[in-house]
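Data first, discussion second: the structure below is written as structure tokens.
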Amino acid sequence: PTSEKTLIGPGLLNIKDRAALRSPQQSPAEYIYQSIVDTNAYVVEGFDADLMPANWAEIYSDLEIFDIVAYLMTLEGRSDIDDPEPTDEQPPVDMAIYGDIALPDTAYAERGAALFSELQSEAGFACAGCHYTDSEARLIGPGLQNIGARAETRVAGQSAVEYLLRAIVNPTDFLVPDYDAGVKPGNYAQIFSEAELYDLIAYMLTLE
């Protein structure tokens with residue numbers, strides 16, 4: 001909400017003003033409301049039509065959607081769309097720091113479940129905001145049901161645990177077909193401790 005730049009979807013700073021330009025025949029509030037309840041009604045140039053979940057109208061009541069619209073209408077400030085992007089990209093994590101990659105006895109799936117649902121401010125996301133856990137269908141990232149079985153077959157020579165660890169800390173190591181390289185944050189190795197990473201993996205291995 002503090003920028004107009006792309007994160008996964010468009011930045012929402014000054015969305016009221018941009019909504020007025022995008023659909024002059026509607027009020028900004030109507031445009032924003034319609035964009036939430038029918039995500040394919042207005043596809044912003046440069047974004048995929050199916051990027052945003054299409055079931056917000058089932059998740060939120062009309063009153064809750066209007067509350068969201070009211071909040072979005074307050075997001076105003078200096079446009080940063082032309083500011084230079086930072087050039088210090090996160091280098092790949094040296095996997096040697098993890099030694100022999102195996103799930104330790106201390107890994108705790110319940111802790112992992114809590115971490116999975118917790119908003120990580122440094123990333124701007126919770127894992128649960130991008131991945132279904134009860135389906136293999138796409139949300140923003142791949143659905144994680146049965147990920148343990150699928151992870152074992154993704155990269156020859158890698159166990160499910162190693163694949164999942166690499167997928168979290170070095171998300172461009174292996175790209176699932178039809179997914180973009182830049183969608184997933186690349187700083188989870190800095191956000192989560194090694195123990196927390198294994199807790200997350202322990203949790204994901206329970207998703208069957």
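Simple scheme: letters A, B, ... for chains in structure tokens order, numbers from 1 for residues in each chain, numbers from 1 for ligands in the order shown.
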
Note to self: Applying 8 Å and only C-alpha atoms, which residues near segment 68-78 of chain A remain after dropping the ones on its own chain fewer than 6 positions away? List them as an MDAnalysis selection string.
What the structure shows: chainID A and resid 1:2 12:16 29 32:33

Next item on the list: Give me every alpha helix (DSSP H) residue in segment 165-197 of chain A, going by DSSP on the backbone, as number ranges by chain.
Entry: A: 165-169, 188-191, 194-197

Atoms kept (N, CA and C atoms) for selection, written as a tab-separated table (two decimals), in the first residue's frame:
chain	number	residue	atom	x	y	z
A	165	LEU	N	13.74	-27.32	0.80
A	165	LEU	CA	14.63	-26.31	1.37
A	165	LEU	C	15.17	-25.39	0.28
A	166	ARG	N	15.61	-25.98	-0.82
A	166	ARG	CA	16.11	-25.16	-1.92
A	166	ARG	C	15.00	-24.28	-2.50
A	167	ALA	N	13.80	-24.82	-2.60
A	167	ALA	CA	12.68	-24.06	-3.16
A	167	ALA	C	12.34	-22.84	-2.31
A	168	ILE	N	12.58	-22.95	-1.00
A	168	ILE	CA	12.29	-21.82	-0.11
A	168	ILE	C	13.40	-20.78	-0.16
A	169	VAL	N	14.65	-21.22	-0.03
A	169	VAL	CA	15.74	-20.24	0.12
A	169	VAL	C	16.34	-19.81	-1.22
A	188	TYR	N	14.01	-15.53	2.09
A	188	TYR	CA	13.54	-16.34	3.21
A	188	TYR	C	14.69	-16.92	4.04
A	189	ALA	N	15.86	-17.08	3.45
A	189	ALA	CA	17.00	-17.56	4.24
A	189	ALA	C	17.41	-16.54	5.29
A	190	GLN	N	17.10	-15.27	5.03
A	190	GLN	CA	17.40	-14.22	6.01
A	190	GLN	C	16.25	-14.06	7.02
A	191	ILE	N	15.05	-14.40	6.60
A	191	ILE	CA	13.88	-14.22	7.46
A	191	ILE	C	13.76	-15.36	8.47
A	194	GLU	N	17.44	-21.60	10.45
A	194	GLU	CA	17.50	-22.96	9.90
A	194	GLU	C	16.45	-23.85	10.57
A	195	ALA	N	16.30	-23.70	11.88
A	195	ALA	CA	15.30	-24.51	12.59
A	195	ALA	C	13.89	-24.20	12.08
A	196	GLU	N	13.61	-22.93	11.83
A	196	GLU	CA	12.28	-22.56	11.33
A	196	GLU	C	12.05	-23.09	9.92
A	197	LEU	N	13.09	-23.08	9.11
A	197	LEU	CA	12.95	-23.63	7.76
A	197	LEU	C	12.58	-25.11	7.82

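Considering only C-alpha atoms, the residue among A:Tyr108, A:Tyr163, A:Phe116, A:Tyr198 positioned nearest to Tyr132 of chain A is A:Phe116.
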
Note to self: Could you check the closest approach to Ser35 of chain A for each of A:Gln120, A:Ser23, A:Thr106, A:Asn170 and tell me which residue wins, using only C-alpha atoms?
What the structure shows: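 The shortest atom-to-atom distance to Ser35 of chain A comes from A:Ser23.
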
Next item on the list: Mind checking which residues fall within 6 Å of segment 46-61 of chain A, counting only C-alpha atoms, ignoring those fewer than 4 positions away in the same chain, and posting them as number ranges by chain?
Entry: A: 37, 39-40

Got time to write the residues from that selection, all heavy atoms, as a PDB file, in the first residue's frame?
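As a result, out02.pdb now contains:
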ATOM      1  N   VAL A  37     -14.454  -8.149  -6.882  1.00  0.00           N
ATOM      2  CA  VAL A  37     -15.460  -9.215  -7.011  1.00  0.00           C
ATOM      3  C   VAL A  37     -15.395  -9.920  -8.362  1.00  0.00           C
ATOM      4  O   VAL A  37     -15.839 -11.060  -8.492  1.00  0.00           O
ATOM      5  CB  VAL A  37     -16.887  -8.680  -6.762  1.00  0.00           C
ATOM      6  CG1 VAL A  37     -17.003  -8.096  -5.360  1.00  0.00           C
ATOM      7  CG2 VAL A  37     -17.297  -7.649  -7.810  1.00  0.00           C
ATOM      8  N   THR A  39     -12.299 -10.348 -10.822  1.00  0.00           N
ATOM      9  CA  THR A  39     -10.895  -9.984 -11.024  1.00  0.00           C
ATOM     10  C   THR A  39     -10.497  -9.908 -12.492  1.00  0.00           C
ATOM     11  O   THR A  39      -9.439  -9.366 -12.811  1.00  0.00           O
ATOM     12  CB  THR A  39      -9.978 -10.986 -10.304  1.00  0.00           C
ATOM     13  OG1 THR A  39     -10.310 -12.320 -10.722  1.00  0.00           O
ATOM     14  CG2 THR A  39     -10.159 -10.883  -8.802  1.00  0.00           C
ATOM     15  N   ASN A  40     -11.322 -10.426 -13.375  1.00  0.00           N
ATOM     16  CA  ASN A  40     -11.027 -10.320 -14.803  1.00  0.00           C
ATOM     17  C   ASN A  40     -11.764  -9.161 -15.470  1.00  0.00           C
ATOM     18  O   ASN A  40     -11.666  -8.979 -16.685  1.00  0.00           O
ATOM     19  CB  ASN A  40     -11.381 -11.624 -15.524  1.00  0.00           C
ATOM     20  CG  ASN A  40     -10.387 -12.725 -15.202  1.00  0.00           C
ATOM     21  OD1 ASN A  40      -9.202 -12.463 -15.034  1.00  0.00           O
ATOM     22  ND2 ASN A  40     -10.869 -13.951 -15.099  1.00  0.00           N
TER      23      ASN A  40
END

Next item on the list: Quick one: pull the distance between atom CA of Phe66 of chain A and atom CA of Ile140 of chain A, Å, one decimal.
Entry: 23.7 Å
